[in-house]
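S.K.: Contents are mmCIF, C-alpha atoms; file name start24.cif:
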```cif
data_run
#
loop_
_atom_site.label_atom_id
_atom_site.label_comp_id
_atom_site.auth_asym_id
_atom_site.auth_seq_id
_atom_site.Cartn_x
_atom_site.Cartn_y
_atom_site.Cartn_z
CA MET A 27 30.11 -39.43 -11.23
CA ASN A 28 28.06 -42.60 -11.19
CA LYS A 29 27.64 -42.27 -7.48
CA THR A 30 26.06 -38.80 -7.83
CA VAL A 31 23.64 -40.02 -10.46
CA ILE A 32 22.47 -42.84 -8.23
CA ARG A 33 22.16 -40.47 -5.30
CA MET A 34 20.13 -38.02 -7.39
CA LEU A 35 17.81 -40.81 -8.46
CA LEU A 36 17.43 -42.09 -4.93
CA VAL A 37 16.75 -38.67 -3.40
CA LEU A 38 14.25 -37.57 -6.03
CA THR A 39 12.44 -40.88 -6.03
CA SER A 40 12.11 -41.01 -2.27
CA VAL A 41 11.01 -37.36 -2.05
CA GLY A 42 8.38 -38.07 -4.70
CA VAL A 43 7.15 -41.22 -3.02
CA ILE A 44 6.98 -39.66 0.43
CA SER A 45 5.13 -36.53 -0.69
CA GLY A 46 2.81 -38.58 -2.91
CA GLY A 47 1.98 -40.83 0.02
CA ALA A 48 1.43 -37.90 2.35
CA LEU A 49 -0.83 -36.18 -0.17
CA SER A 50 -2.99 -39.22 -0.80
CA GLY A 51 -3.48 -39.53 2.95
CA VAL A 52 -4.47 -35.87 3.30
CA TYR A 53 -6.76 -36.14 0.29
CA LYS A 54 -8.54 -39.17 1.75
CA ALA A 55 -9.07 -37.30 5.00
CA ALA A 56 -10.26 -34.07 3.40
CA PHE A 57 -12.36 -35.41 0.52
CA PRO A 58 -15.56 -36.30 2.42
CA ARG A 59 -15.67 -32.81 3.93
CA ILE A 60 -15.02 -31.08 0.60
CA GLU A 61 -17.70 -33.18 -1.07
CA ARG A 62 -20.18 -32.47 1.74
CA HIS A 63 -19.60 -28.70 1.39
CA ARG A 64 -20.17 -28.97 -2.35
CA LEU A 65 -23.43 -30.87 -1.93
CA GLU A 66 -24.66 -28.52 0.82
CA GLU A 67 -24.00 -25.55 -1.41
CA LEU A 68 -25.83 -27.22 -4.30
CA LYS A 69 -28.81 -28.06 -2.11
CA ARG A 70 -28.96 -24.53 -0.71
CA ALA A 71 -28.86 -23.06 -4.22
CA ILE A 72 -31.62 -25.38 -5.47
CA PHE A 73 -33.92 -24.51 -2.58
CA VAL A 74 -33.32 -20.79 -3.15
CA VAL A 75 -34.38 -20.94 -6.80
CA LEU A 76 -37.22 -23.40 -6.16
CA PRO A 77 -38.74 -21.93 -2.97
CA ASP A 78 -41.51 -24.58 -2.78
CA ALA A 79 -39.13 -27.53 -2.97
CA LYS A 80 -38.41 -29.61 0.11
CA ASN A 81 -36.28 -32.19 -1.65
CA TYR A 82 -34.81 -32.79 -5.08
CA LYS A 83 -33.76 -35.55 -7.44
CA THR A 84 -31.26 -35.44 -10.25
CA LEU A 85 -32.44 -36.01 -13.82
CA GLU A 86 -30.11 -36.57 -16.73
CA LYS A 87 -30.87 -36.57 -20.43
CA ASN A 88 -28.69 -35.95 -23.48
CA GLU A 89 -25.76 -35.09 -21.19
CA LEU A 90 -27.80 -32.31 -19.56
CA LYS A 91 -28.20 -32.44 -15.82
CA VAL A 92 -31.13 -30.86 -13.99
CA TYR A 93 -32.48 -31.07 -10.47
CA GLN A 94 -36.21 -31.65 -10.11
CA GLY A 95 -37.63 -30.04 -7.00
CA ILE A 96 -40.23 -32.02 -5.01
CA ASP A 97 -42.58 -30.70 -2.31
CA GLU A 98 -43.72 -32.52 0.89
CA THR A 99 -46.30 -34.67 -0.90
CA GLY A 100 -43.90 -35.76 -3.63
CA ASN A 101 -45.26 -33.58 -6.42
CA PRO A 102 -42.73 -31.94 -8.76
CA VAL A 103 -42.57 -28.16 -8.28
CA GLY A 104 -40.21 -27.27 -11.10
CA ILE A 105 -36.69 -27.89 -12.18
CA ALA A 106 -33.43 -26.18 -11.33
CA PHE A 107 -30.30 -26.24 -13.43
CA GLU A 108 -26.90 -24.66 -13.59
CA ALA A 109 -26.36 -22.09 -16.36
CA LYS A 110 -22.83 -21.09 -17.32
CA GLY A 111 -21.40 -18.68 -19.82
CA ASN A 112 -19.09 -15.77 -20.46
CA GLY A 113 -19.59 -12.49 -18.64
CA PHE A 114 -17.66 -9.27 -18.92
CA GLN A 115 -14.45 -10.51 -17.29
CA GLY A 116 -14.86 -14.24 -16.95
CA LYS A 117 -17.29 -17.07 -16.51
CA ILE A 118 -20.60 -16.49 -14.76
CA SER A 119 -22.39 -19.49 -13.36
CA MET A 120 -25.92 -19.38 -12.00
CA MET A 121 -28.54 -21.69 -10.55
CA VAL A 122 -31.86 -21.16 -12.29
CA GLY A 123 -35.30 -22.46 -11.38
CA ILE A 124 -38.21 -22.92 -13.83
CA ASP A 125 -41.80 -23.88 -13.03
CA ASN A 126 -43.41 -27.10 -14.25
CA GLN A 127 -45.04 -25.46 -17.28
CA PHE A 128 -41.75 -23.98 -18.49
CA GLU A 129 -43.36 -20.55 -18.57
CA LYS A 130 -41.87 -18.66 -15.67
CA LEU A 131 -38.65 -18.53 -13.70
CA THR A 132 -39.01 -19.28 -10.02
CA GLY A 133 -35.66 -17.79 -9.11
CA MET A 134 -32.06 -17.16 -10.07
CA LEU A 135 -28.93 -17.29 -7.93
CA VAL A 136 -25.43 -16.32 -9.07
CA LEU A 137 -23.02 -19.02 -7.90
CA ASP A 138 -19.77 -17.75 -9.33
CA GLN A 139 -18.67 -14.58 -11.03
CA ILE A 140 -15.58 -12.39 -11.33
CA GLU A 141 -17.23 -9.25 -12.73
CA THR A 142 -15.92 -5.78 -11.80
CA PRO A 143 -16.34 -5.24 -8.04
CA GLY A 144 -18.92 -2.55 -7.31
CA LEU A 145 -20.27 -2.52 -10.88
CA GLY A 146 -20.79 -5.82 -12.69
CA ALA A 147 -20.51 -7.75 -9.43
CA LYS A 148 -23.92 -6.32 -8.52
CA ILE A 149 -25.43 -9.16 -10.57
CA ALA A 150 -24.91 -11.24 -7.43
CA LYS A 151 -26.93 -8.77 -5.31
CA ASP A 152 -30.52 -9.48 -4.31
CA LYS A 153 -31.80 -6.35 -6.02
CA PHE A 154 -30.79 -7.73 -9.41
CA GLN A 155 -31.43 -11.42 -8.77
CA SER A 156 -34.94 -10.92 -7.39
CA GLN A 157 -36.05 -9.46 -10.73
CA PHE A 158 -35.91 -12.98 -12.17
CA LYS A 159 -38.41 -14.39 -9.73
CA GLY A 160 -41.69 -14.87 -11.60
CA LEU A 161 -40.20 -13.57 -14.82
CA SER A 162 -41.91 -14.80 -17.96
CA ILE A 163 -39.58 -16.61 -20.36
CA SER A 164 -41.76 -16.48 -23.49
CA PRO A 165 -40.67 -15.64 -26.09
CA GLU A 166 -37.40 -14.79 -24.29
CA ILE A 167 -35.99 -12.57 -21.56
CA THR A 168 -35.08 -9.02 -22.56
CA TYR A 169 -33.63 -6.09 -20.66
CA VAL A 170 -34.32 -2.35 -20.50
CA LYS A 171 -31.97 0.40 -19.44
CA ASN A 172 -32.59 3.21 -16.96
CA LYS A 173 -36.33 2.70 -16.67
CA LYS A 174 -38.72 0.40 -14.90
CA PRO A 175 -39.47 -2.80 -16.81
CA GLU A 176 -43.04 -2.84 -18.21
CA LYS A 177 -43.50 -6.23 -19.87
CA PRO A 178 -43.52 -9.50 -17.89
CA ASN A 179 -40.40 -10.73 -19.65
CA GLU A 180 -38.26 -7.66 -19.01
CA ILE A 181 -35.63 -6.94 -16.40
CA GLN A 182 -33.81 -3.71 -15.67
CA ALA A 183 -30.09 -3.78 -16.49
CA ILE A 184 -27.67 -2.54 -13.82
CA THR A 185 -26.56 1.03 -14.46
CA ALA A 186 -22.92 1.16 -15.65
CA ALA A 187 -22.85 -2.63 -15.96
CA THR A 188 -24.94 -3.25 -19.05
CA ILE A 189 -22.51 -5.80 -20.45
CA SER A 190 -22.69 -7.97 -17.33
CA SER A 191 -26.50 -7.71 -17.24
CA LYS A 192 -26.70 -8.51 -20.93
CA ALA A 193 -24.41 -11.51 -20.46
CA VAL A 194 -26.69 -12.89 -17.73
CA VAL A 195 -29.76 -12.51 -19.98
CA LYS A 196 -27.97 -14.08 -22.93
CA ILE A 197 -26.72 -17.08 -20.93
CA LEU A 198 -30.19 -17.62 -19.45
CA ASN A 199 -31.98 -17.45 -22.79
CA ARG A 200 -29.63 -19.89 -24.44
CA GLN A 201 -29.71 -22.45 -21.66
CA ILE A 202 -33.41 -22.13 -20.91
CA LYS A 203 -34.09 -22.94 -24.55
CA GLU A 204 -31.83 -25.96 -24.39
CA ILE A 205 -33.38 -27.23 -21.17
CA THR A 206 -36.94 -26.62 -22.40
CA GLU A 207 -36.34 -28.52 -25.64
CA THR A 208 -34.84 -31.46 -23.79
CA PHE A 209 -37.14 -31.78 -20.80
CA LYS A 210 -40.52 -30.24 -21.67
CA LEU A 211 -41.93 -33.35 -23.38
CA ASN A 212 -41.86 -35.58 -20.34
CA MET B 7 25.82 -12.49 5.77
CA ALA B 8 26.86 -11.94 9.35
CA GLU B 9 29.16 -14.34 11.18
CA ASP B 10 27.69 -17.28 13.08
CA THR B 11 28.49 -15.71 16.43
CA ASN B 12 26.20 -12.74 15.79
CA ARG B 13 23.25 -14.79 14.77
CA SER B 14 20.57 -15.78 17.18
CA LEU B 15 17.12 -17.26 16.87
CA TYR B 16 15.67 -13.93 17.93
CA TYR B 17 17.52 -12.00 15.24
CA GLU B 18 16.54 -14.45 12.50
CA PHE B 19 12.91 -14.20 13.54
CA VAL B 20 12.70 -10.44 13.94
CA LYS B 21 14.50 -9.51 10.75
CA GLY B 22 11.60 -10.83 8.64
CA LEU B 23 9.10 -8.56 10.32
CA TRP B 24 10.62 -5.26 9.31
CA GLU B 25 14.26 -5.13 8.24
CA GLU B 26 13.88 -7.84 5.59
CA ASN B 27 10.11 -7.75 5.19
CA PRO B 28 9.48 -9.76 2.03
CA ILE B 29 6.98 -7.28 0.61
CA PHE B 30 7.99 -3.82 1.74
CA ARG B 31 11.74 -4.45 1.79
CA MET B 32 12.64 -7.24 -0.63
CA LEU B 33 9.64 -6.77 -2.96
CA LEU B 34 9.20 -10.53 -3.35
CA GLY B 35 5.94 -12.38 -3.89
CA MET B 36 4.22 -9.49 -5.62
CA CYS B 37 1.68 -11.65 -7.45
CA PRO B 38 -0.40 -12.75 -4.43
CA THR B 39 0.24 -9.38 -2.80
CA LEU B 40 -1.41 -7.47 -5.60
CA ALA B 41 -4.07 -10.06 -6.38
CA VAL B 42 -5.68 -11.04 -3.09
CA THR B 43 -5.37 -7.99 -0.84
CA ASN B 44 -8.78 -6.58 -1.76
CA SER B 45 -9.99 -7.35 1.76
CA ALA B 46 -8.32 -7.82 5.12
CA VAL B 47 -9.68 -11.36 5.56
CA ASN B 48 -8.31 -12.48 2.20
CA GLY B 49 -4.92 -10.97 3.03
CA LEU B 50 -4.89 -12.73 6.40
CA ALA B 51 -5.86 -16.11 4.93
CA MET B 52 -3.30 -15.84 2.16
CA GLY B 53 -0.61 -14.74 4.63
CA LEU B 54 -1.32 -17.59 7.02
CA ALA B 55 -1.41 -20.17 4.24
CA THR B 56 1.92 -18.87 2.96
CA THR B 57 3.41 -18.86 6.48
CA PHE B 58 2.33 -22.49 6.95
CA VAL B 59 3.87 -23.57 3.66
CA LEU B 60 7.01 -21.52 4.27
CA THR B 61 7.64 -22.87 7.77
CA CYS B 62 6.89 -26.51 6.95
CA SER B 63 8.94 -26.52 3.76
CA SER B 64 11.81 -24.78 5.55
CA VAL B 65 11.88 -27.55 8.15
CA MET B 66 11.89 -30.22 5.45
CA VAL B 67 14.48 -28.47 3.32
CA SER B 68 16.72 -27.97 6.33
CA LEU B 69 16.25 -31.61 7.29
CA VAL B 70 17.30 -32.97 3.91
CA ARG B 71 19.89 -30.31 3.11
CA LYS B 72 22.87 -32.63 3.57
CA ILE B 73 21.58 -35.56 1.53
CA VAL B 74 20.23 -33.70 -1.49
CA PRO B 75 22.82 -33.41 -4.29
CA SER B 76 23.11 -29.80 -5.42
CA GLN B 77 22.18 -30.67 -9.03
CA VAL B 78 18.63 -31.66 -8.05
CA ARG B 79 18.10 -29.33 -5.10
CA LEU B 80 15.63 -27.02 -6.88
CA ALA B 81 13.50 -29.95 -8.05
CA THR B 82 13.51 -31.38 -4.53
CA PHE B 83 12.57 -28.02 -2.98
CA ILE B 84 9.72 -27.51 -5.42
CA VAL B 85 8.30 -30.99 -4.73
CA ILE B 86 8.45 -30.32 -1.00
CA ILE B 87 6.82 -26.89 -1.39
CA ALA B 88 4.13 -28.21 -3.74
CA THR B 89 3.24 -30.94 -1.24
CA PHE B 90 2.62 -28.45 1.55
CA VAL B 91 0.73 -26.10 -0.77
CA THR B 92 -1.61 -28.92 -1.74
CA ILE B 93 -2.14 -29.77 1.92
CA ALA B 94 -2.95 -26.11 2.65
CA ASP B 95 -5.33 -26.03 -0.32
CA TYR B 96 -7.23 -29.12 0.86
CA PHE B 97 -7.35 -27.74 4.39
CA LEU B 98 -8.89 -24.45 3.26
CA LYS B 99 -11.35 -26.25 0.98
CA ALA B 100 -12.43 -28.61 3.76
CA PHE B 101 -12.67 -26.16 6.65
CA PHE B 102 -13.03 -22.66 5.17
CA PRO B 103 -14.83 -23.09 1.83
CA PRO B 104 -15.86 -19.42 1.46
CA ILE B 105 -12.26 -18.21 1.90
CA SER B 106 -11.01 -20.91 -0.43
CA LYS B 107 -13.52 -19.72 -3.04
CA GLN B 108 -12.43 -16.09 -2.62
CA LEU B 109 -8.73 -16.88 -2.98
CA GLY B 110 -9.42 -19.14 -5.96
CA PRO B 111 -6.33 -20.08 -7.96
CA TYR B 112 -3.99 -18.07 -5.74
CA VAL B 113 -3.69 -20.83 -3.15
CA PRO B 114 -2.23 -23.39 -5.59
CA LEU B 115 -0.08 -20.56 -6.94
CA ILE B 116 1.77 -20.33 -3.60
CA VAL B 117 3.98 -23.04 -5.16
CA VAL B 118 5.60 -20.42 -7.37
CA ASN B 119 5.72 -17.72 -4.70
CA CYS B 120 9.37 -16.66 -4.85
CA VAL B 121 9.47 -15.83 -1.12
CA ILE B 122 9.26 -19.53 -0.35
CA LEU B 123 11.75 -20.85 -2.87
CA GLY B 124 13.94 -17.84 -2.03
CA ARG B 125 14.07 -18.73 1.67
CA ALA B 126 14.66 -22.42 0.89
CA GLU B 127 17.55 -21.61 -1.41
CA ALA B 128 19.05 -18.71 0.53
CA PHE B 129 18.52 -19.81 4.09
CA SER B 130 17.13 -23.18 5.10
CA SER B 131 19.29 -25.18 2.69
CA LYS B 132 22.33 -23.80 4.54
CA ASN B 133 21.16 -23.61 8.14
CA PRO B 134 20.05 -25.95 10.94
CA ILE B 135 16.37 -26.55 11.60
CA SER B 136 15.99 -24.20 14.58
CA LEU B 137 17.37 -21.19 12.70
CA SER B 138 15.34 -22.12 9.61
CA VAL B 139 12.12 -22.21 11.58
CA ALA B 140 12.88 -18.84 13.16
CA ASP B 141 13.72 -17.34 9.78
CA ALA B 142 10.72 -18.84 7.97
CA SER B 143 8.16 -17.93 10.61
CA GLY B 144 9.57 -14.39 10.86
CA ILE B 145 9.42 -13.91 7.09
CA GLY B 146 5.98 -15.54 6.99
CA ILE B 147 4.55 -13.31 9.71
CA GLY B 148 6.14 -10.27 8.05
CA PHE B 149 4.44 -11.32 4.81
CA THR B 150 1.12 -11.78 6.60
CA LEU B 151 1.34 -8.39 8.34
CA ALA B 152 2.11 -6.69 5.04
CA LEU B 153 -0.80 -8.42 3.28
CA VAL B 154 -3.21 -7.62 6.10
CA SER B 155 -2.18 -3.95 6.23
CA LEU B 156 -2.62 -3.64 2.47
CA GLY B 157 -5.95 -5.45 2.74
CA ILE B 158 -7.15 -3.15 5.53
CA VAL B 159 -6.32 0.02 3.59
CA ARG B 160 -7.95 -1.26 0.41
CA GLU B 161 -11.02 -2.59 2.20
CA ILE B 162 -11.61 0.65 4.15
CA LEU B 163 -11.38 2.81 1.05
CA GLY B 164 -12.92 0.38 -1.42
CA ASN B 165 -15.71 -1.09 0.67
CA GLY B 166 -15.99 1.07 3.80
CA SER B 167 -15.34 -1.84 6.14
CA ILE B 168 -12.62 -3.64 8.13
CA PHE B 169 -12.71 -7.45 8.34
CA ASN B 170 -16.21 -7.28 6.79
CA ILE B 171 -17.46 -5.01 9.58
CA SER B 172 -18.86 -1.82 8.13
CA ILE B 173 -17.29 1.24 9.77
CA PHE B 174 -18.83 4.05 7.77
CA GLY B 175 -22.51 4.87 7.47
CA GLU B 176 -24.59 4.93 4.34
CA TRP B 177 -23.07 8.25 3.27
CA PHE B 178 -19.75 6.66 2.35
CA GLU B 179 -19.27 6.22 -1.38
CA PRO B 180 -16.76 3.35 -1.83
CA TRP B 181 -13.72 4.00 -4.01
CA ILE B 182 -14.22 1.06 -6.33
CA VAL B 183 -10.79 1.58 -7.89
CA MET B 184 -9.18 0.44 -4.61
CA LEU B 185 -10.66 -3.04 -5.07
CA LEU B 186 -9.42 -3.27 -8.65
CA PRO B 187 -5.82 -4.12 -9.64
CA ALA B 188 -4.99 -0.41 -9.97
CA GLY B 189 -5.83 0.10 -6.30
CA ALA B 190 -3.34 -2.63 -5.36
CA PHE B 191 -0.52 -0.88 -7.22
CA ILE B 192 -1.41 2.54 -5.80
CA THR B 193 -1.65 1.30 -2.19
CA LEU B 194 1.52 -0.79 -2.39
CA GLY B 195 3.50 2.06 -3.96
CA ILE B 196 2.39 4.61 -1.40
CA MET B 197 3.05 2.26 1.52
CA ILE B 198 6.54 1.38 0.30
CA GLY B 199 7.21 5.09 -0.16
CA ILE B 200 6.07 5.91 3.37
CA ILE B 201 8.13 3.07 4.83
CA ASN B 202 11.23 4.15 2.89
CA ALA B 203 10.85 7.76 4.03
CA PHE B 204 10.39 6.60 7.60
CA THR B 205 13.46 4.34 7.45
CA ILE B 206 15.64 7.07 5.97
CA LYS B 207 14.61 9.45 8.72
CA LYS B 208 15.16 6.93 11.48
CA THR B 209 18.36 5.18 10.45
CA GLY B 210 19.86 7.54 7.91
CA LYS B 211 19.92 4.75 5.36
CA GLY B 212 18.07 4.83 2.08
CA VAL B 213 17.39 1.75 0.05
CA CYS B 214 16.48 3.21 -3.31
CA PHE B 215 19.31 2.20 -5.59
CA GLY B 216 19.66 3.89 -8.94
CA CYS B 217 17.61 6.95 -8.16
CA SER B 218 19.24 10.23 -7.26
CA ILE B 219 16.82 11.08 -4.47
CA GLY B 220 18.74 11.57 -1.26
CA TYR B 221 18.88 13.72 1.82
CA LYS B 222 21.33 16.21 3.24
CA LEU B 223 23.63 15.10 6.04
CA GLN B 224 26.16 17.65 7.32
CA GLU B 225 25.92 19.72 4.14
CA LYS B 226 26.51 16.65 1.92
CA LEU B 227 23.94 15.02 -0.32
CA VAL B 228 23.63 11.35 0.60
CA THR B 229 22.05 8.99 -1.90
CA ALA B 230 21.73 5.21 -1.97
CA GLU B 231 24.82 4.92 -4.17
CA SER B 232 26.93 7.11 -1.94
CA MET B 233 26.23 4.86 1.02
CA TYR B 234 27.11 1.58 -0.61
CA LEU B 235 29.89 2.59 -3.02
CA THR B 236 33.33 3.89 -2.08
CA PRO B 237 34.11 7.52 -3.04
CA GLU B 238 36.30 6.32 -5.93
CA GLU B 239 33.58 4.09 -7.36
CA LEU B 240 31.14 6.93 -7.01
CA GLU B 241 33.42 9.26 -8.94
CA ALA B 242 33.82 6.64 -11.67
CA ALA B 243 30.05 6.15 -11.87
CA LYS B 244 29.53 9.89 -12.12
CA ALA B 245 32.27 10.35 -14.72
CA LYS B 246 30.95 7.80 -17.21
CA PRO B 247 27.72 9.50 -18.25
CA GLU B 248 29.51 12.84 -18.65
CA LYS B 249 32.01 11.34 -21.09
CA LYS B 250 29.23 9.92 -23.18
CA GLU B 251 27.52 13.27 -23.32
CA LYS B 252 30.71 14.96 -24.46
CA LYS B 253 31.13 12.42 -27.26
CA LYS B 254 27.60 13.04 -28.42
CA LYS B 255 28.20 16.77 -28.53
CA GLU B 256 31.35 16.32 -30.56
CA GLY B 257 29.56 14.00 -33.02
#
```
Using the file provided, produce a representation of the structure as structure tokens.
M.R.:
Amino acid sequence: MNKTVIRMLLVLTSVGVISGGALSGVYKAAFPRIERHRLEELKRAIFVVLPDAKNYKTLEKNELKVYQGIDETGNPVGIAFEAKGNGFQGKISMMVGIDNQFEKLTGMLVLDQIETPGLGAKIAKDKFQSQFKGLSISPEITYVKNKKPEKPNEIQAITAATISSKAVVKILNRQIKEITETFKLN
Amino acid sequence: MAEDTNRSLYYEFVKGLWEENPIFRMLLGMCPTLAVTNSAVNGLAMGLATTFVLTCSSVMVSLVRKIVPSQVRLATFIVIIATFVTIADYFLKAFFPPISKQLGPYVPLIVVNCVILGRAEAFSSKNPISLSVADASGIGIGFTLALVSLGIVREILGNGSIFNISIFGEWFEPWIVMLLPAGAFITLGIMIGIINAFTIKKTGKGVCFGCSIGYKLQEKLVTAESMYLTPEELEAAKAKPEKKEKKKKEG
């Protein structure tokens, strides 16, 4: 009996140690690559929503993180930030760019979403995303259904995916407000 | 299980492709099957990741099979499987980030894929390494083929493309339902049905236990039960429900 217990302990311990060691080795080897992919993706997203930016620097204030875009001569061209919130089926996360005056959006890119394929997932298509370029954010973004937007702060919701479109607008409005309040003064 | 003399590397490999295909025959590992087969590429990536984990863990399990006490064998197998799953996850994240993003949580979930623990418990913990590798890679490739074929059907109908290459023109209206969970159930059900019908026709053996669907062979109705049960057992099974019915009528 005692012998089995000791054997169980020995086998489980050595299996744990060996696989733990192997994993830490693999992690060390893979981490730089994973991190590089993450940063590349972030950079790509920032430059999409801030088309004039050639470089960026990270600003942090009150636990909010934004990326300030900089052009060739070192002048700020606006800030980009990540907006996250609930969509129709799960979390939607987007990269959003605002101009220096906090008046207009310079772009929006959906980073992650699990909305219904073919319906809500169209929020990640260019046709929907491009509506946010140059969109006025005062007093806030609104949406219209089944007709062309008339005011500068309106977008057209996707047919048969109003909830997803509404969720995008709601997330943007909330986070834009937060970002504006925190960063506009400086 | 067949006697040792009948078993060969070739047999152990080939049986996983068709005869004991984990998806179409054993109906194991349904969670990734239904969840990630919305495109052929996803099915292929998932299948290959599973094959990698299955083969590597089978080697390890077979290697340690004589020193692991039976009381802790499941814990040991799971640790071994989880290690290879994590390696596969890091590999996909480092070299194929878009695929890793598409598969999302289903790569870490390979740990609980019952095909893998099933093979470890049923096969590699009892067999030498060479046979275990043959068995695991056969089952793994069978799994991959099944996932890819499901993915191809769903992608053609749901997106009008194969491996992200569009095959229909603009006129094609995608069947969105095929990309949703319902499409997975419909496709899988129809494919299993077709494969069962094909097998019955070819070998004269059905696999559908419990249902009374059968076929006529020399004027006799053959069902799944009638092939696996002796005539006496069959009579007993038939007699029981009748008795119950009679009692109900009397009451």
S.K.: Could you tell me which residues the PyMOL selection byres ((chain A and resi 142) around 12) grabs in this file, written as a list of chain:residue names?
M.R.: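 Output from the PyMOL selection byres ((chain A and resi 142) around 12), applied to this file: A:Gly113, A:Phe114, A:Gln115, A:Gly116, A:Gln139, A:Ile140, A:Glu141, A:Pro143, A:Gly144, A:Leu145, A:Gly146, A:Ala147, A:Lys148, A:Ile149, A:Ala150, A:Ala186, A:Ala187, A:Thr188, A:Ile189, A:Ser190, B:Ile182, B:Val183, B:Met184, B:Leu185, B:Leu186, B:Pro187.
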S.K.: Selected by the PyMOL selection byres ((chain A and resi 195) around 10) in the shown coordinates: which residues, as a PDB file with C-alpha atoms, in the frame of the given file?
M.R.:
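In the end it all went to part03.pdb:
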```
ATOM      1  CA  PHE A 158     -35.910 -12.980 -12.170  1.00  0.00           C
ATOM      2  CA  GLU A 166     -37.400 -14.790 -24.290  1.00  0.00           C
ATOM      3  CA  ILE A 167     -35.990 -12.570 -21.560  1.00  0.00           C
ATOM      4  CA  THR A 168     -35.080  -9.020 -22.560  1.00  0.00           C
ATOM      5  CA  TYR A 169     -33.630  -6.090 -20.660  1.00  0.00           C
ATOM      6  CA  GLU A 180     -38.260  -7.660 -19.010  1.00  0.00           C
ATOM      7  CA  ILE A 181     -35.630  -6.940 -16.400  1.00  0.00           C
ATOM      8  CA  ALA A 183     -30.090  -3.780 -16.490  1.00  0.00           C
ATOM      9  CA  ILE A 189     -22.510  -5.800 -20.450  1.00  0.00           C
ATOM     10  CA  SER A 190     -22.690  -7.970 -17.330  1.00  0.00           C
ATOM     11  CA  SER A 191     -26.500  -7.710 -17.240  1.00  0.00           C
ATOM     12  CA  LYS A 192     -26.700  -8.510 -20.930  1.00  0.00           C
ATOM     13  CA  ALA A 193     -24.410 -11.510 -20.460  1.00  0.00           C
ATOM     14  CA  VAL A 194     -26.690 -12.890 -17.730  1.00  0.00           C
ATOM     15  CA  LYS A 196     -27.970 -14.080 -22.930  1.00  0.00           C
ATOM     16  CA  ILE A 197     -26.720 -17.080 -20.930  1.00  0.00           C
ATOM     17  CA  LEU A 198     -30.190 -17.620 -19.450  1.00  0.00           C
ATOM     18  CA  ASN A 199     -31.980 -17.450 -22.790  1.00  0.00           C
ATOM     19  CA  ARG A 200     -29.630 -19.890 -24.440  1.00  0.00           C
TER      20      ARG A 200
END
```
S.K.: Leaving out A:Ala109 and any residue of its chain fewer than 5 positions from it, which residues lie within 8 Å of it when counting all atoms listed in the file, given as number ranges by chain?
M.R.: A: 119-122, 197-198, 201
S.K.: Quick one: of B:Lys72, B:Lys132, B:Lys208, B:Lys21, who's nearest to chain A, counting all atoms listed in the file?
M.R.: B:Lys72
S.K.: Nearest to chain A among B:Gly53, B:Gly148, B:Gly157, B:Gly164, with distances taken over only C-alpha atoms: which residue is it?
M.R.: B:Gly164
S.K.: Using the chain letters and numbering of this document, enumerate as a ChimeraX atom specification the residues selected by the PyMOL selection byres ((chain B) within 8 of (chain A)).
M.R.: /B:73-75,77-78,81-82,85-86,89,92-93,96-97,99-101,103,182,185-186
S.K.: Please produce a file of the residues just selected, as a PDB file, in the coordinates of the input, where the atoms kept are C-alpha atoms.
M.R.:
```
ATOM      1  CA  ILE B  73      21.580 -35.560   1.530  1.00  0.00           C
ATOM      2  CA  VAL B  74      20.230 -33.700  -1.490  1.00  0.00           C
ATOM      3  CA  PRO B  75      22.820 -33.410  -4.290  1.00  0.00           C
ATOM      4  CA  GLN B  77      22.180 -30.670  -9.030  1.00  0.00           C
ATOM      5  CA  VAL B  78      18.630 -31.660  -8.050  1.00  0.00           C
ATOM      6  CA  ALA B  81      13.500 -29.950  -8.050  1.00  0.00           C
ATOM      7  CA  THR B  82      13.510 -31.380  -4.530  1.00  0.00           C
ATOM      8  CA  VAL B  85       8.300 -30.990  -4.730  1.00  0.00           C
ATOM      9  CA  ILE B  86       8.450 -30.320  -1.000  1.00  0.00           C
ATOM     10  CA  THR B  89       3.240 -30.940  -1.240  1.00  0.00           C
ATOM     11  CA  THR B  92      -1.610 -28.920  -1.740  1.00  0.00           C
ATOM     12  CA  ILE B  93      -2.140 -29.770   1.920  1.00  0.00           C
ATOM     13  CA  TYR B  96      -7.230 -29.120   0.860  1.00  0.00           C
ATOM     14  CA  PHE B  97      -7.350 -27.740   4.390  1.00  0.00           C
ATOM     15  CA  LYS B  99     -11.350 -26.250   0.980  1.00  0.00           C
ATOM     16  CA  ALA B 100     -12.430 -28.610   3.760  1.00  0.00           C
ATOM     17  CA  PHE B 101     -12.670 -26.160   6.650  1.00  0.00           C
ATOM     18  CA  PRO B 103     -14.830 -23.090   1.830  1.00  0.00           C
ATOM     19  CA  ILE B 182     -14.220   1.060  -6.330  1.00  0.00           C
ATOM     20  CA  LEU B 185     -10.660  -3.040  -5.070  1.00  0.00           C
ATOM     21  CA  LEU B 186      -9.420  -3.270  -8.650  1.00  0.00           C
TER      22      LEU B 186
END
```
S.K.: For stretch 21-27 of chain B, take all atoms listed in the file, fit an axis-aligned box around them, add 4 Å to each of the six sides, then output centre and edge lengths in Å rounded to one decimal, as JSON.
M.R.:
```
{"center_x": 11.8, "center_y": -8.0, "center_z": 8.0, "size_x": 13.4, "size_y": 13.7, "size_z": 13.6}
```
S.K.: What's the 10 Å shell around B:Ala41, counting only C-alpha atoms, without same-chain residues fewer than 5 positions away, as a list in words?
M.R.: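 The filter keeps Met36, Asn48, Gly49, Leu109, Tyr112, Leu185, Leu186, Pro187, Ala190 and Phe191 of chain B.
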